[in-house]
Structures are given as C-alpha cells and as structure tokens.
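**Student:** Here it is: the structure, laid out below.
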Number of protein chains: 2
Amino acid sequence: MARLEPLSTTTPCQNCALRALPIFRCLSGAELAFVEKFKIGELEVQAGSDILLAGTHSAHLFTIFGGWCFRYDLMEDGRRQIHSLLLPGDFIGLQTEMLGTMQHSVQSLTDVRLCVFSRERFWTIYESFPELAFDLTWAAACGERTVEVALSNVGQRPSFERLAALVVHLYRQLDGLRLVKDGTILWPLTQQHVADLLGLSTVHVSRVLRRLVDSGLVRLDGRRLTVVDLPALAEVAAVDPEKPLRRPLI
Amino acid sequence: MARLEPLSTTTPCQNCALRALPIFRCLSGAELAFVEKFKIGELEVQAGSDILLAGTHSAHLFTIFGGWCFRYDLMEDGRRQIHSLLLPGDFIGLQTEMLGTMQHSVQSLTDVRLCVFSRERFWTIYESFPELAFDLTWAAACGERTVEVALSNVGQRPSFERLAALVVHLYRQLDGLRLVKDGTILWPLTQQHVADLLGLSTVHVSRVLRRLVDSGLVRLDGRRLTVVDLPALAEVAAVDPEKPLRRPLI
DNA sequence: CCTGGTCGTTAACATATGTTGGTCGGTCGC
DNA sequence: GCGACCGACCAACATATGTTAACGACCAGG
C-alpha cells in the first residue's frame, strides 16, 4: 500500500517553483524562514498509496509539491466518495490538528512529492505568525469551498453536465498552476475514480465520457486529456466564469 | 426579504447559555472578555431572510444564537443546492474574510437570533488571541467536514437511506445542543428544503418521507419530528455511530 | 508463453428518480 | 367570506442511471 520514502535532495522554500505562481500569496522573509524550519523534509510517494487514513492521527502535515492526490470517505460496504482532488500547493492533514483525528482519508493518484511539516511546531504558527495562522484558516476555507462546489455539482447536475463541470474545474485549477500545455492536461483518473468523484457508476461514466469525447469538446488519449473548446465546454457544463481563487501556500 | 432588526436586550457572553454546553470549547477569562468586545450586538431575523448573499461582502460576522439557517448555492437557472444546515453556535461569514467575498449564500430557516461581530477587530484575533485564531481554523475545518459528509451522502446513498442519514445527523446535532425533547425535534424544513438538501425532486421527497413515516421509525406532525427508534434509524441509514465533534464557539 | 489482473467497452435489462399535471387543505390578505 | 397562494400529495408516465454479464486490450509475473 503506502510506500513512503524519505528523500535526500530537498528544495529550499525560497526557491520553491510553486511560490512563484501568482495564485499563491507571497510570504514575507520572516515567514519564509519559519516555514523553512517548520519543514522537516520531503517525501516521495508512489501512485495509489494511502497518505492519511480516516480515524488515525497523522504523524505529519504535508503540502503537495508535485503530483495529484484525492481525499475520500469509505463506507463499510465499500462505497467510496471522493471529495476532491488535491493538486500541488494543497495542504494535507489540517483535520488531524483541528478535529483530533482525520475524518477522511487521502490517497495519491500519481507519484507524488510532498513537503513534510512538523506537528510539534504547529502551535508556533498561531503564537508567532498571525499571517500564517490566517493562511491556515484561509486554506481550510478554500477546502470547504471546493467541497461545496462538488456537492452542488453532484446534487444538482445531470451526469453529462456533471462530468463537463469536473473537467472545466480541473482545467482551470491546473491552468493556475501552469500545468496546461496546449490545452492538454494530465488525466491520471480511472473511470472508477471519476465515478466516485461524481457519484455515478463506472458503466455510466464510460457512457458519458464517450459522449463527451464524441461531442468533440475534449479529446482523450491514454492519460492525457485535451480541451478543444473551453468556452463551449463551460457552456455545456453550465458553470459560471468563476476564476480560480487566490490561495495561501504553507 | 431580509429584515434585520437590531435588538435592545443582549446577553453578555459570560452568561451565554450555549457556552455551558459540553460540546463547545471553554474559553479563558481573557478570551471571553475579548469576545465580549468583539461582539457588536444582536440581531433578530425573520424566517426566510437572506443573511448573506453570494458575491457580496458581509458587513458583519455572525454566530447563531438561536434558530436555524442554511447555506446554499444558487445556479442561474434556479437550481439550488443546500450545503448544510446551520444551528446555534455555528459561525457565519468566515468566507468574507478569507476569500474576499461570499461564495455561497446564507438564509434563515426559522426566526433567528444572531450575535453580531465587528469585522474591523477581526485581525486582532490573529494578532492577540492565538487560541481564538485556532478556533477559527477549527470552525472552518468543522464546516468543511460537514459538507464532506453531505457530499458522501448525496453521492453514495439511495434516497431512502439519504433521508434517514439526514434525520440521524440532525438529531445528533440537536441532541448535543439540548434541543431534543422526548425524542422530538423541530422540523422547520419544507419538502423543497429537503429536496435541495439531498439533491432530489420534491415529488420524490414526498414519496420517501412518506415511506420513512410509514416504516414507523419516525413520526411527523406539522413542524415537529419524533424519532421513534434511533438505533434502527441509524441502521437503515447505514451511518456509523460517529459522535458529534466538539466544536469551538466564538 | 501462458496467466491473472485491471481497465475500458458494450448490450440487455431493471429500477430509481424525475416530470407533468392535477387535487386538496391550510393560511393570509382583502 | 372570498380568492390567491403555498405546501403536501398522488397517479401516470418518461427517462436517467444502475446492474449484470460478457468481451477485448493491455500489462506484469511466473
């Protein structure tokens, strides 16, 4: 299952490529220095590994440096709901600090590189770095909003629209991270993932995905997806222009 | 729509009946004193009033003192998804501070009494009261978890189970607030509300609600709902025992 | 080279849920 | 008292989505 390998080579936070992106808040020198100390190291995780498990305490806190993860609930009979995809810059493990134990689980979707933070020094943030403390609340609020959008999607949209909305949302997120190349994004999701994301059966996902591809709005080859006509896709998805929100990066 | 009436008589935070409940974290004397100053006053709101509107800044922040609200998304064509019900002790308006503008709306479901807080002094929390700052993050994390549960519910459960899970969840919440009397709770929800909460049509809610009542697990007369057999209801809802989480109260 | 596994696909069929439209009982304003 | 409106209910019907089962492509392991 989980294979967590500590890494030898790590990137100093000052040079972090993610921080350069305009969607992330810029940290002051003092804050950066603290984050640097707060950070224990980096971790490489294989695709398909459970990073955090519901019901447990996490020994660490993480930020995704590269790769995709997702958080999910598992019911006793095996049904799974994926709450959201987690992309570079997303913070993992807040629930451990706040609620005492993780309520959901987190799994890697691709090979992933994580920045690892010390739980011991967590309190220092609130004591000494109000802006960073604010960022944590901010991050939680962003996470909440993401789930809200997913809920509205699943609760209100028919499957085709639902899938289209997922693609648009993902595309915009990745665009903010500069992970779109010529309209093409990575598509590491199996149809099982999509099904659990959208609350559909895999068979139906297969149908709807085919319909989406046949419509010509997107192309799909292997693990890459190309958005041919974003405005048209957003139109059929019935999503408003909504820009990706600016976010904190711990 | 919204009728916001300032009140003459307000309750000092020290004597707040909510704070006495064990599900809320206990504040220190200094914290209580600050909250008292942070609080501007109280507000009485009629049932069915919009308290916050998506896309706007809120002039104030609120905590529900009494009554029910809900937060929701509205789509252009009128579809509505209710993300969660808000009960006494729930904090309203965090998104305004964090994301710059509300992404969802909040409406009162019953007549509601709100504690009103000053946005100007919001930053003071992070500067001077780390525990309260922590509480804000904590509150956001709780809110996020609530939406996650709703998403799993809507995405994975068939309608009957879905409705049963809603009732169990609500019952437990209200129980923690001492708002259950002889197994009976307030039920101010129209079938339209339930439909928008669960992602169903009103017609189907009518069917399923009837089925639930016919099953004998709950009784429903007017605006009161009685849970006849909670364990059996939880069983049919396929929800785990899950205790209501301890929460902060600002 | 077989083998078993995962992943995607398709068809036939079953069913949960949505839609339309109508009724009926309250309640509120006049 | 009347009419308008809203909330709940019901029946008939339409359809979106789920289920089961089978098949082929691909890939990793023995």
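The way I read the labels, and the way they are meant: chains A, B, ... in the order of the structure tokens, residue 1 as the first residue of every chain, and ligand 1 as the first ligand shown, with later ones counted on from there.
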Excluding DG8 of chain C and residues on its chain fewer than 4 positions from it, collect all residues at most 9 Å away from it, counting only C-alpha atoms (C1' of nucleotides), and give them as a PDB file with N, CA and C atoms (P, O5', C5', C4', C3', O3' and C1' of nucleotides), in the first residue's frame.

**Tutor:**
```
ATOM      1  N   GLN A 191     -11.781   5.412 -14.662  1.00  0.00           N
ATOM      2  CA  GLN A 191     -13.212   5.686 -14.668  1.00  0.00           C
ATOM      3  C   GLN A 191     -13.808   5.398 -13.297  1.00  0.00           C
ATOM      4  N   SER A 206     -18.445   5.540 -18.264  1.00  0.00           N
ATOM      5  CA  SER A 206     -17.961   5.132 -19.583  1.00  0.00           C
ATOM      6  C   SER A 206     -18.830   5.728 -20.683  1.00  0.00           C
TER       7      SER A 206
ATOM      8  P    DA D  25      -8.713  -7.048 -28.989  1.00  0.00           P
ATOM      9  O5'  DA D  25      -8.041  -6.048 -27.940  1.00  0.00           O
ATOM     10  C5'  DA D  25      -8.549  -4.720 -27.830  1.00  0.00           C
ATOM     11  C4'  DA D  25      -7.691  -3.950 -26.841  1.00  0.00           C
ATOM     12  C3'  DA D  25      -6.191  -4.179 -27.015  1.00  0.00           C
ATOM     13  O3'  DA D  25      -5.527  -2.923 -26.935  1.00  0.00           O
ATOM     14  C1'  DA D  25      -6.870  -4.757 -24.802  1.00  0.00           C
TER      15       DA D  25
END
```

**Student:** Using only C-alpha atoms (C1' of nucleotides), find which residues of chain D lie within 12 Å of chain A and jot them down as a list of chain:residue names.

**Tutor:** D:DT15, D:DA16, D:DT17, D:DG18, D:DT19, D:DT20, D:DC26

**Student:** At a cut-off of 12 Å, using only C-alpha atoms (C1' of nucleotides), what residues contact DA4 of chain D? Leave out same-chain residues fewer than 3 positions from it and give the result as a ChimeraX atom specification.

**Tutor:** /C:27-30

**Student:** Report as a list in words the set of chain C residues whose atoms approach chain A to within 12 Å, with distances computed over only C-alpha atoms (C1' of nucleotides).

**Tutor:** DT6, DC7, DG8, DT9, DT10, DA11, DT17 and DG18 of chain C

**Student:** Could you write out that same residue set with N, CA and C atoms (P, O5', C5', C4', C3', O3' and C1' of nucleotides) as a PDB file, in the first residue's frame?

**Tutor:**
```
ATOM      1  P    DT C   6      -7.507  -6.740  -9.733  1.00  0.00           P
ATOM      2  O5'  DT C   6      -7.288  -5.511 -10.712  1.00  0.00           O
ATOM      3  C5'  DT C   6      -5.968  -4.995 -10.918  1.00  0.00           C
ATOM      4  C4'  DT C   6      -5.983  -4.057 -12.109  1.00  0.00           C
ATOM      5  C3'  DT C   6      -7.191  -3.101 -12.116  1.00  0.00           C
ATOM      6  O3'  DT C   6      -6.717  -1.799 -12.416  1.00  0.00           O
ATOM      7  C1'  DT C   6      -7.048  -4.203 -14.172  1.00  0.00           C
ATOM      8  P    DC C   7      -7.673  -0.533 -12.180  1.00  0.00           P
ATOM      9  O5'  DC C   7      -8.123  -0.154 -13.656  1.00  0.00           O
ATOM     10  C5'  DC C   7      -7.132   0.065 -14.655  1.00  0.00           C
ATOM     11  C4'  DC C   7      -7.798   0.128 -16.003  1.00  0.00           C
ATOM     12  C3'  DC C   7      -9.110   0.915 -15.999  1.00  0.00           C
ATOM     13  O3'  DC C   7      -8.949   2.061 -16.829  1.00  0.00           O
ATOM     14  C1'  DC C   7      -9.318  -1.128 -17.185  1.00  0.00           C
ATOM     15  P    DG C   8     -10.168   3.112 -16.992  1.00  0.00           P
ATOM     16  O5'  DG C   8     -10.883   2.552 -18.301  1.00  0.00           O
ATOM     17  C5'  DG C   8     -10.234   2.712 -19.546  1.00  0.00           C
ATOM     18  C4'  DG C   8     -10.977   1.938 -20.601  1.00  0.00           C
ATOM     19  C3'  DG C   8     -12.363   2.497 -20.932  1.00  0.00           C
ATOM     20  O3'  DG C   8     -12.388   2.811 -22.323  1.00  0.00           O
ATOM     21  C1'  DG C   8     -12.440   0.152 -20.603  1.00  0.00           C
ATOM     22  P    DT C   9     -13.704   3.590 -22.865  1.00  0.00           P
ATOM     23  O5'  DT C   9     -14.642   2.443 -23.403  1.00  0.00           O
ATOM     24  C5'  DT C   9     -14.164   1.574 -24.421  1.00  0.00           C
ATOM     25  C4'  DT C   9     -15.158   0.467 -24.656  1.00  0.00           C
ATOM     26  C3'  DT C   9     -16.593   0.933 -24.861  1.00  0.00           C
ATOM     27  O3'  DT C   9     -16.875   0.874 -26.237  1.00  0.00           O
ATOM     28  C1'  DT C   9     -16.430  -1.047 -23.513  1.00  0.00           C
ATOM     29  P    DT C  10     -18.197   1.558 -26.845  1.00  0.00           P
ATOM     30  O5'  DT C  10     -19.261   0.397 -26.820  1.00  0.00           O
ATOM     31  C5'  DT C  10     -18.900  -0.901 -27.255  1.00  0.00           C
ATOM     32  C4'  DT C  10     -19.952  -1.903 -26.839  1.00  0.00           C
ATOM     33  C3'  DT C  10     -21.383  -1.364 -26.890  1.00  0.00           C
ATOM     34  O3'  DT C  10     -22.050  -2.028 -27.941  1.00  0.00           O
ATOM     35  C1'  DT C  10     -20.970  -2.645 -24.909  1.00  0.00           C
ATOM     36  P    DA C  11     -23.606  -1.730 -28.293  1.00  0.00           P
ATOM     37  O5'  DA C  11     -24.375  -2.869 -27.495  1.00  0.00           O
ATOM     38  C5'  DA C  11     -23.960  -4.219 -27.610  1.00  0.00           C
ATOM     39  C4'  DA C  11     -24.931  -5.110 -26.864  1.00  0.00           C
ATOM     40  C3'  DA C  11     -26.380  -4.610 -26.922  1.00  0.00           C
ATOM     41  O3'  DA C  11     -27.246  -5.718 -27.090  1.00  0.00           O
ATOM     42  C1'  DA C  11     -25.662  -4.733 -24.661  1.00  0.00           C
ATOM     43  P    DT C  17     -33.362   6.600  -5.550  1.00  0.00           P
ATOM     44  O5'  DT C  17     -33.926   7.754  -6.477  1.00  0.00           O
ATOM     45  C5'  DT C  17     -33.091   8.260  -7.504  1.00  0.00           C
ATOM     46  C4'  DT C  17     -33.904   9.033  -8.519  1.00  0.00           C
ATOM     47  C3'  DT C  17     -34.759  10.166  -7.929  1.00  0.00           C
ATOM     48  O3'  DT C  17     -34.130  11.399  -8.274  1.00  0.00           O
ATOM     49  C1'  DT C  17     -35.850   9.009  -9.707  1.00  0.00           C
ATOM     50  P    DG C  18     -34.926  12.769  -8.252  1.00  0.00           P
ATOM     51  O5'  DG C  18     -35.556  12.848  -9.717  1.00  0.00           O
ATOM     52  C5'  DG C  18     -34.672  12.979 -10.830  1.00  0.00           C
ATOM     53  C4'  DG C  18     -35.428  13.399 -12.075  1.00  0.00           C
ATOM     54  C3'  DG C  18     -36.188  14.721 -11.964  1.00  0.00           C
ATOM     55  O3'  DG C  18     -36.080  15.408 -13.207  1.00  0.00           O
ATOM     56  C1'  DG C  18     -37.710  12.971 -12.448  1.00  0.00           C
TER      57       DG C  18
END
```

**Student:** Could you write out as a VMD selection string the residues of chain A within 8 Å of chain B, counting only C-alpha atoms?

**Tutor:** chain A and resid 73 79 to 83 94 to 95 98 to 99 103 126 to 127 130 to 131 133 to 134 136 to 138 140 to 145 147 to 148 150 to 152 154 to 156 196 198 to 200 245 to 246

**Student:** So that I can check the secondary structure, give me every residue of segment 7-130 of chain B assigned alpha helix (DSSP H) by backbone DSSP, as number ranges by chain.

**Tutor:** B: 29-38, 94-99, 122-128, 130

**Student:** Mind writing the picked residues with N, CA, C and O atoms as a short mmCIF file (atom, residue, chain, number, x, y, z; two decimals), in the first residue's frame?

**Tutor:**
```cif
data_model
loop_
_atom_site.label_atom_id
_atom_site.label_comp_id
_atom_site.auth_asym_id
_atom_site.auth_seq_id
_atom_site.Cartn_x
_atom_site.Cartn_y
_atom_site.Cartn_z
N GLY B 29 -10.87 33.48 30.68
CA GLY B 29 -11.45 34.77 31.04
C GLY B 29 -11.08 35.87 30.07
O GLY B 29 -11.92 36.65 29.63
N ALA B 30 -9.81 35.90 29.70
CA ALA B 30 -9.34 36.93 28.78
C ALA B 30 -10.02 36.80 27.42
O ALA B 30 -10.43 37.79 26.80
N GLU B 31 -10.15 35.56 26.98
CA GLU B 31 -10.79 35.33 25.68
C GLU B 31 -12.24 35.79 25.72
O GLU B 31 -12.73 36.47 24.82
N LEU B 32 -12.91 35.41 26.78
CA LEU B 32 -14.31 35.81 26.93
C LEU B 32 -14.45 37.33 26.93
O LEU B 32 -15.34 37.87 26.28
N ALA B 33 -13.55 37.97 27.62
CA ALA B 33 -13.60 39.44 27.66
C ALA B 33 -13.43 40.02 26.26
O ALA B 33 -14.11 40.96 25.88
N PHE B 34 -12.51 39.42 25.52
CA PHE B 34 -12.31 39.92 24.16
C PHE B 34 -13.54 39.67 23.30
O PHE B 34 -14.00 40.57 22.58
N VAL B 35 -14.07 38.49 23.35
CA VAL B 35 -15.26 38.17 22.55
C VAL B 35 -16.38 39.15 22.88
O VAL B 35 -17.08 39.63 21.99
N GLU B 36 -16.48 39.45 24.13
CA GLU B 36 -17.50 40.42 24.56
C GLU B 36 -17.32 41.75 23.85
O GLU B 36 -18.28 42.39 23.42
N LYS B 37 -16.06 42.16 23.68
CA LYS B 37 -15.79 43.43 22.99
C LYS B 37 -15.94 43.28 21.49
O LYS B 37 -16.34 44.20 20.79
N PHE B 38 -15.57 42.13 21.04
CA PHE B 38 -15.65 41.81 19.61
C PHE B 38 -17.11 41.85 19.15
O PHE B 38 -17.41 42.22 18.03
N LEU B 94 -17.25 33.59 7.63
CA LEU B 94 -15.81 33.41 7.51
C LEU B 94 -15.33 33.65 6.09
O LEU B 94 -14.28 34.24 5.86
N GLN B 95 -16.10 33.18 5.12
CA GLN B 95 -15.68 33.29 3.72
C GLN B 95 -15.41 34.73 3.32
O GLN B 95 -14.53 35.01 2.51
N THR B 96 -16.18 35.64 3.90
CA THR B 96 -15.97 37.04 3.56
C THR B 96 -14.55 37.46 3.89
O THR B 96 -13.89 38.14 3.10
N GLU B 97 -14.07 37.04 5.05
CA GLU B 97 -12.73 37.44 5.47
C GLU B 97 -11.66 36.72 4.66
O GLU B 97 -10.63 37.28 4.32
N MET B 98 -11.91 35.46 4.40
CA MET B 98 -10.87 34.63 3.82
C MET B 98 -10.80 34.76 2.30
O MET B 98 -9.74 34.89 1.72
N LEU B 99 -11.94 34.71 1.67
CA LEU B 99 -11.96 34.64 0.21
C LEU B 99 -12.33 35.97 -0.41
O LEU B 99 -12.47 36.07 -1.62
N PHE B 122 -11.46 41.90 13.54
CA PHE B 122 -11.19 40.50 13.18
C PHE B 122 -9.70 40.17 13.29
O PHE B 122 -9.30 39.14 13.82
N TRP B 123 -8.88 41.09 12.79
CA TRP B 123 -7.45 40.84 12.77
C TRP B 123 -6.84 40.73 14.18
O TRP B 123 -5.87 40.02 14.41
N THR B 124 -7.47 41.43 15.09
CA THR B 124 -6.99 41.38 16.48
C THR B 124 -6.93 39.95 16.99
O THR B 124 -6.06 39.58 17.78
N ILE B 125 -7.87 39.15 16.53
CA ILE B 125 -7.89 37.75 16.95
C ILE B 125 -6.56 37.09 16.62
O ILE B 125 -5.93 36.46 17.47
N TYR B 126 -6.12 37.27 15.38
CA TYR B 126 -4.89 36.60 14.96
C TYR B 126 -3.67 37.21 15.63
O TYR B 126 -2.71 36.51 15.94
N GLU B 127 -3.74 38.52 15.87
CA GLU B 127 -2.59 39.18 16.48
C GLU B 127 -2.45 38.85 17.96
O GLU B 127 -1.34 38.66 18.46
N SER B 128 -3.58 38.78 18.63
CA SER B 128 -3.50 38.75 20.10
C SER B 128 -4.11 37.52 20.78
O SER B 128 -3.90 37.31 21.97
N PRO B 130 -4.18 33.78 19.97
CA PRO B 130 -3.88 32.59 19.18
C PRO B 130 -4.89 31.46 19.37
O PRO B 130 -5.23 30.79 18.39
#
```

**Student:** Taking 6 positions as the minimum chain separation for residues in the same chain, which residues sit within 12 Å of DG29 of chain D when counting only C-alpha atoms (C1' of nucleotides)? Answer as a PyMOL selection string.

**Tutor:** chain C and resi 2-5

**Student:** If I take atom CA of Phe160 of chain B and atom CA of Val208 of chain B, how far is one from the other in Å, to one decimal?

**Tutor:**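 Atom-to-atom, atom CA of Phe160 of chain B and atom CA of Val208 of chain B are spaced 5.8 Å apart.
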
**Student:** DSSP on the backbone, strand (DSSP E) only: what residues of segment 46-235 of chain B does that give? Format it as an MDAnalysis selection string.

**Tutor:** chainID B and resid 50:52 60:66 69:74 80:86 91:92 105:108 112:118 184:186 218:221 224:227

**Student:** Would you kindly return, as a PyMOL selection string, each protein, DNA or RNA residue with an atom no farther than 12 Å from any atom of Arg223 of chain A, considering only C-alpha atoms (C1' of nucleotides) and excluding same-chain residues fewer than 2 positions away?

**Tutor:** chain A and resi 110+184-191+219-221+225-226

**Student:** For a test of reading the model, state the distance in Å between atom CA of Leu249 of chain B and atom CA of Gly89 of chain B, rounded to one decimal.

**Tutor:**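 Interatomic distance here is 5.9 Å.
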
**Student:** When distances are computed from only C-alpha atoms, which of A:Val227, A:Ile250, A:Ala234, A:Val106 shows the smallest separation from Val213 of chain A?

**Tutor:**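 Ranking A:Val227, A:Ile250, A:Ala234, A:Val106 by distance to Val213 of chain A, first place goes to A:Val227.
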
**Student:** Can you tell me which residues surround Gln173 of chain A at a distance of at most 10 Å, considering only C-alpha atoms (C1' of nucleotides), apart from same-chain residues fewer than 3 positions away, and format the answer as a list in words?

**Tutor:**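 Once the adjacent positions are removed, what remains is Ile23, Leu87, Pro88, Val167, Val168, His169, Leu170, Gly176, Leu177, Arg178, Leu179, Val180, Lys243, Pro244 and Leu245 of chain A.
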
**Student:** Output C-alpha atoms for every residue in the selection just made, as a compact mmCIF listing (two decimals), in the first residue's frame.

**Tutor:**
```txt
# COMPACT_ATOMS: atom_id res chain seq x y z
CA ILE A 23 -2.24 32.33 -7.46
CA LEU A 87 -3.04 19.37 -6.51
CA PRO A 88 0.35 20.98 -5.96
CA VAL A 167 -13.23 18.86 -16.46
CA VAL A 168 -13.64 22.63 -16.56
CA HIS A 169 -12.91 22.96 -12.88
CA LEU A 170 -9.84 20.79 -13.12
CA GLY A 176 -3.39 28.40 -12.48
CA LEU A 177 -0.57 26.01 -11.70
CA ARG A 178 0.84 26.28 -15.20
CA LEU A 179 0.18 22.62 -15.77
CA VAL A 180 -1.73 23.08 -19.02
CA LYS A 243 -11.79 32.48 -11.63
CA PRO A 244 -9.62 30.26 -9.52
CA LEU A 245 -9.34 31.86 -6.10
```
